[in-house]
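For reference, the structure is listed below as structure tokens.
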Amino acid sequence: MIQKRKILLVEDNETHAHLIQRHLRKSKSSDNQVVLATTLLEATQRLSSDDFQAVLLDLSLPDSPIHETLDKVVSKFALAPVIVLTSLNDLDFANRAVQQGAQDYLVKTELNADTLDRAIRYAIERKRAQRQLEEYALELKESNQHLEAFAHTLAHEVRSPLTVVSGSLQVIKDQYADLVDPQTLSLVNDSMIAVSGMTELVESLLEFSQASQSEESSHVELESTFFYVSAIVRPMFEEIDGKLNHDALPTVVGIEAQLRQLLQNLIVNAVKYRREENLIVDVSCQTHDDHWLLSVSDNGRGIAVEDQSKIFEAFTRLENKGPIPGAGIGLAFCKRIVDNHQGKIWVESEIGAGSTFLIRLPNKNEHAE
Ligand code: ADP
């Protein structure tokens with residue numbers, strides 16, 4: 001079926017414009033209505049008043065420097081796919097244009113009716129797919145925000161009645177323990193354990209829903225972050241005679257409070273999921289040109305290969321957890337923090353030998369130490 005297409009041709013060279021129009025008229029797949037503009041001003045006026053299915057754009061125009069033309073068209077008129085026409089057979093130049101938002105480029109001297117027709121069809125299709133993807137991404141973002149707001153409200157509302165229940169149970173235990181039979185007392189104890197588990201879950205959910213991407217990034221001295229966290233976890237290590245080692249840590253770019261939480265969750269997990277023998281935890285961070293690789297390794301129980309990606313999902317707990325309490329949110333929280341930093345988190349582990357959690361953070365710090 002022959003399609004009707006309205007195309008804006010922006011070209012100040014009369015011979016080239018004539019040739020391209022002739023190619024467009026020859027198209028077998030579509031009936032092209034071509035509007036010609038010879039300056040950027042004329043092109044932008046046309047684009048604001050009319051809908052075009054595609055724009056063929058010569059970047060070198062009398063009223064616009066070559067490196068500014070594309071941006072002026074793409075940033076203001078994002079809907080129509082732009083195909084750059086170049087007389088330079090220069091891949092770098094063309095690639096730059098595509099990176100800046102053009103759908104494709106065509107070398108004028110290599111043009112014929114077929115290549116032009118195909119380029120326009122693909123550009124329209126790519127632009128349509130790109131727009132659909134952007135719409136989905138936006139919908140997903142909005143629906144995530146709603147879900148977060150919901151989780152936050154729910155957790156917040158549940159916190160107060162939980163405090164009342166836990167307080168009342170404590171009063172019964174403290175003041176009426178002598179008056180009730182052992183069976184009732186055991187029920188009270190079980191209820192207190194259940195309420196404390198639920199409180200932990202609610203607190204984790206609240207923290208989880210609060211870790212947002214919008215917090216400010218800054219230079220974070222991981223060395224100080226580590227010392228802050230090690231002060232919190234020191235009593236746990238002293239109690240079990242464990243060792244918490246660290247290499248000299250660099251300054252990275254990130255959200256301080258979130259990186260602290262990340263380190264803390266990973267170190268606390270190493271303590272929780274240790275084995276009988278003495279626990280050793282090592283924290284280190286390598287600086288690479290374009291990323292940092294932070295690692296927290298332990299000599300604990302280890303995680304089976306088939307479970308290694310599952311553990312980053314919320315509410316997932318494994319067989320290896322035994323009777324250790326937890327809500328199954330700690331690592332989901334870590335993943336969320338790493339996502340907020342456009343990074344990646346994974347684990348390398350062997351059952352019975354230990355686990356190394358690795359975090360790759362993009363190095364946005366040009367002068368990283
Ligand atoms: P929680 O500790 O509350 O269960 P997490 O999300 O922090 O939640 O961890 C999910 C599961 O991953 C844990 O229940 C445990 O089975 C496993 N896990 C986490 N960290 C380790 C570790 N360092 N060594 C072995 N298993 C671990």
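Quick note on naming: the chains in the structure tokens go A, B, ... in the order shown, residues restart at 1 in each chain, and ligands are numbered from 1 in order of appearance.
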Please write out the residues within 6 Å of ligand 1 as a ChimeraX atom specification, counting only C-alpha atoms and all ligand atoms. /A:269-270,273,300-303,311,316-318,320-321,326-332,355
Selected residues, C-alpha atoms, written as a PDB file, in the first residue's frame, please.
ATOM      1  CA  ASN A 269      24.833  -9.625  56.591  1.00  0.00           C
ATOM      2  CA  ALA A 270      28.375 -11.005  56.722  1.00  0.00           C
ATOM      3  CA  TYR A 273      25.354 -15.388  57.816  1.00  0.00           C
ATOM      4  CA  GLY A 300      30.678 -17.172  55.775  1.00  0.00           C
ATOM      5  CA  ARG A 301      28.096 -19.729  54.691  1.00  0.00           C
ATOM      6  CA  GLY A 302      28.130 -18.832  51.012  1.00  0.00           C
ATOM      7  CA  ILE A 303      25.237 -18.654  48.556  1.00  0.00           C
ATOM      8  CA  ILE A 311      18.741 -12.544  46.900  1.00  0.00           C
ATOM      9  CA  THR A 316      13.694 -13.197  49.410  1.00  0.00           C
ATOM     10  CA  ARG A 317      15.408 -15.236  52.128  1.00  0.00           C
ATOM     11  CA  LEU A 318      17.300 -18.464  51.535  1.00  0.00           C
ATOM     12  CA  ASN A 320      20.996 -20.733  54.582  1.00  0.00           C
ATOM     13  CA  LYS A 321      19.345 -18.118  56.812  1.00  0.00           C
ATOM     14  CA  GLY A 326      15.278 -10.616  58.963  1.00  0.00           C
ATOM     15  CA  ALA A 327      12.745  -9.211  56.558  1.00  0.00           C
ATOM     16  CA  GLY A 328      14.556 -10.070  53.307  1.00  0.00           C
ATOM     17  CA  ILE A 329      14.854  -6.428  52.336  1.00  0.00           C
ATOM     18  CA  GLY A 330      18.502  -5.612  53.126  1.00  0.00           C
ATOM     19  CA  LEU A 331      19.951  -6.634  49.758  1.00  0.00           C
ATOM     20  CA  ALA A 332      16.975  -5.252  47.792  1.00  0.00           C
ATOM     21  CA  SER A 355      30.768 -14.581  49.562  1.00  0.00           C
TER      22      SER A 355
END
Shell around Thr86 in chain A at 10 Å using only C-alpha atoms, local window under 4 positions removed, as a PyMOL selection string: chain A and resi 57-60+90+93-94+105-109
Atom-to-atom span, CA of Gly254 in chain A and CA of Gln308 in chain A, Å: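 Going from CA of Gly254 in chain A over to CA of Gln308 in chain A covers 25.4 Å.
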For Ser29 in chain A: contacts at 12 Å, only C-alpha atoms, fewer than 5 positions along chain excluded, given as a CSV table (one decimal) with all heavy atoms, in the first residue's frame:
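Contents of the output file around.csv:
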chain,number,residue,atom,x,y,z
A,1,MET,N,0.8,-1.2,0.0
A,1,MET,CA,0.0,0.0,0.0
A,1,MET,C,0.9,1.3,0.0
A,1,MET,O,1.8,1.3,0.8
A,1,MET,CB,-0.9,0.0,1.3
A,1,MET,CG,-2.0,1.0,1.2
A,1,MET,SD,-3.1,0.9,2.6
A,1,MET,CE,-2.1,1.8,3.8
A,2,ILE,N,0.5,2.2,-0.9
A,2,ILE,CA,1.3,3.4,-0.9
A,2,ILE,C,0.9,4.4,0.2
A,2,ILE,O,-0.2,4.6,0.5
A,2,ILE,CB,1.0,4.2,-2.3
A,2,ILE,CG1,1.4,3.3,-3.5
A,2,ILE,CG2,1.7,5.5,-2.3
A,2,ILE,CD1,2.8,3.4,-3.9
A,3,GLN,N,2.0,4.8,1.0
A,3,GLN,CA,1.7,5.7,2.1
A,3,GLN,C,1.9,7.1,1.8
A,3,GLN,O,2.8,7.4,0.9
A,3,GLN,CB,2.7,5.3,3.2
A,3,GLN,CG,2.4,4.1,4.0
A,3,GLN,CD,3.4,3.8,5.1
A,3,GLN,OE1,4.5,4.2,5.0
A,3,GLN,NE2,2.9,3.2,6.1
A,4,LYS,N,1.2,8.0,2.4
A,4,LYS,CA,1.4,9.4,2.2
A,4,LYS,C,2.3,9.9,3.2
A,4,LYS,O,2.1,9.6,4.4
A,4,LYS,CB,0.1,10.2,2.3
A,4,LYS,CG,-0.7,10.3,1.0
A,4,LYS,CD,-1.8,11.3,1.2
A,4,LYS,CE,-2.7,11.5,-0.1
A,4,LYS,NZ,-1.9,11.8,-1.3
A,5,ARG,N,3.4,10.6,2.8
A,5,ARG,CA,4.4,11.1,3.8
A,5,ARG,C,4.7,12.6,3.5
A,5,ARG,O,4.9,13.0,2.4
A,5,ARG,CB,5.7,10.4,3.8
A,5,ARG,CG,5.6,9.0,4.3
A,5,ARG,CD,7.0,8.3,4.5
A,5,ARG,NE,7.8,8.4,3.3
A,5,ARG,CZ,8.7,7.4,3.0
A,5,ARG,NH1,8.8,6.3,3.7
A,5,ARG,NH2,9.4,7.5,1.9
A,24,LEU,N,13.0,11.5,-4.1
A,24,LEU,CA,11.8,11.3,-3.3
A,24,LEU,C,10.5,11.1,-4.1
A,24,LEU,O,9.7,10.3,-3.7
A,24,LEU,CB,11.6,12.5,-2.4
A,24,LEU,CG,12.6,12.6,-1.2
A,24,LEU,CD1,12.5,14.0,-0.5
A,24,LEU,CD2,12.4,11.5,-0.2
A,113,ALA,N,17.3,6.8,-5.0
A,113,ALA,CA,15.9,6.8,-4.5
A,113,ALA,C,15.6,5.7,-3.5
A,113,ALA,O,15.0,5.9,-2.5
A,113,ALA,CB,14.9,6.6,-5.7
A,114,ASP,N,16.3,4.5,-3.7
A,114,ASP,CA,16.0,3.4,-2.8
A,114,ASP,C,16.6,3.6,-1.4
A,114,ASP,O,16.0,3.4,-0.4
A,114,ASP,CB,16.6,2.1,-3.4
A,114,ASP,CG,15.7,1.5,-4.4
A,114,ASP,OD1,14.6,1.9,-4.5
A,114,ASP,OD2,16.2,0.7,-5.2
A,116,LEU,N,17.4,6.4,0.0
A,116,LEU,CA,16.7,7.5,0.6
A,116,LEU,C,15.4,7.0,1.2
A,116,LEU,O,15.0,7.2,2.4
A,116,LEU,CB,16.4,8.6,-0.4
A,116,LEU,CG,16.0,9.9,0.2
A,116,LEU,CD1,16.9,10.4,1.2
A,116,LEU,CD2,15.8,10.9,-1.0
A,117,ASP,N,14.6,6.2,0.4
A,117,ASP,CA,13.3,5.7,0.8
A,117,ASP,C,13.5,4.8,2.1
A,117,ASP,O,12.8,4.9,3.0
A,117,ASP,CB,12.7,4.9,-0.3
A,117,ASP,CG,11.3,4.5,-0.1
A,117,ASP,OD1,10.6,5.4,0.4
A,117,ASP,OD2,10.9,3.4,-0.2
A,118,ARG,N,14.5,3.9,2.0
A,118,ARG,CA,14.7,2.9,3.1
A,118,ARG,C,15.1,3.7,4.4
A,118,ARG,O,14.6,3.4,5.4
A,118,ARG,CB,15.8,1.9,2.7
A,118,ARG,CG,15.7,0.7,3.6
A,118,ARG,CD,16.5,-0.5,3.1
A,118,ARG,NE,17.8,-0.1,2.6
A,118,ARG,CZ,18.3,-0.4,1.4
A,118,ARG,NH1,17.6,-1.2,0.6
A,118,ARG,NH2,19.5,-0.1,1.1
A,120,ILE,N,14.4,6.7,5.3
A,120,ILE,CA,13.2,7.4,5.8
A,120,ILE,C,12.3,6.4,6.5
A,120,ILE,O,11.9,6.7,7.7
A,120,ILE,CB,12.5,8.2,4.7
A,120,ILE,CG1,13.3,9.3,4.2
A,120,ILE,CG2,11.2,8.8,5.3
A,120,ILE,CD1,12.8,10.1,3.0
A,121,ARG,N,12.0,5.3,5.9
A,121,ARG,CA,11.1,4.3,6.5
A,121,ARG,C,11.7,3.8,7.9
A,121,ARG,O,11.0,3.8,8.9
A,121,ARG,CB,10.9,3.1,5.6
A,121,ARG,CG,9.7,3.3,4.8
A,121,ARG,CD,9.3,2.0,4.0
A,121,ARG,NE,10.3,1.7,3.0
A,121,ARG,CZ,10.9,0.5,2.8
A,121,ARG,NH1,10.6,-0.5,3.7
A,121,ARG,NH2,11.8,0.3,1.9
With distances taken over only C-alpha atoms, which of A:Ser30, A:Ser191, A:Ser295, A:Gln145 is nearest to Ser212 in chain A?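 Closest to Ser212 in chain A of all the choices is A:Gln145.
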Give me every strand (DSSP E) residue in range 25-229 of chain A, going by DSSP on the backbone, as a list in words.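 Secondary structure check on range 25-229 of chain A, strand (DSSP E): Ser30, Asp31, Asn32, Gln33, Val34, Val35, Leu36, Ala37, Ala54, Val55, Leu56, Leu57, Asp58, Val82, Ile83, Val84, Leu85, Thr86, Asp104, Tyr105, Leu106, Val107, Ser218, His219, Val220 and Glu221 of chain A.
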Report, in Å with one decimal, the straight-line distance from CA of Ser284 in chain A to CA of Leu262 in chain A. 13.7 Å
Compile the contact shell of His152 in chain A as an MDAnalysis selection string: residues with an atom at most 9 Å away, counting only C-alpha atoms, same-chain residues fewer than 6 positions apart removed. chainID A and resid 205:210
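Take the candidates A:Lys272, A:Lys364, A:Lys243, A:Lys310 and check each one against Ile324 in chain A using only C-alpha atoms; the shortest distance goes to A:Lys272.
If only C-alpha atoms are the atoms counted, then among A:Ile267, A:Ile7, A:Leu111, A:Leu358 the closest residue to Leu279 in chain A is A:Ile267.
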Determine which residues of range 55-84 of chain A DSSP labels as helix (DSSP H, G or I) from the backbone of this structure, then write them out as a PyMOL selection string. chain A and resi 66-76
With only C-alpha atoms as the atoms that count, which of A:Ala211, A:Ser297, A:Glu216, A:Arg274 lies nearest to His246 in chain A?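 Of A:Ala211, A:Ser297, A:Glu216, A:Arg274, the one nearest His246 in chain A is A:Ser297, counting only C-alpha atoms.
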Separating CA of Glu134 in chain A from CA of Ile359 in chain A, to the nearest tenth of an Å, is a gap of 27.6 Å
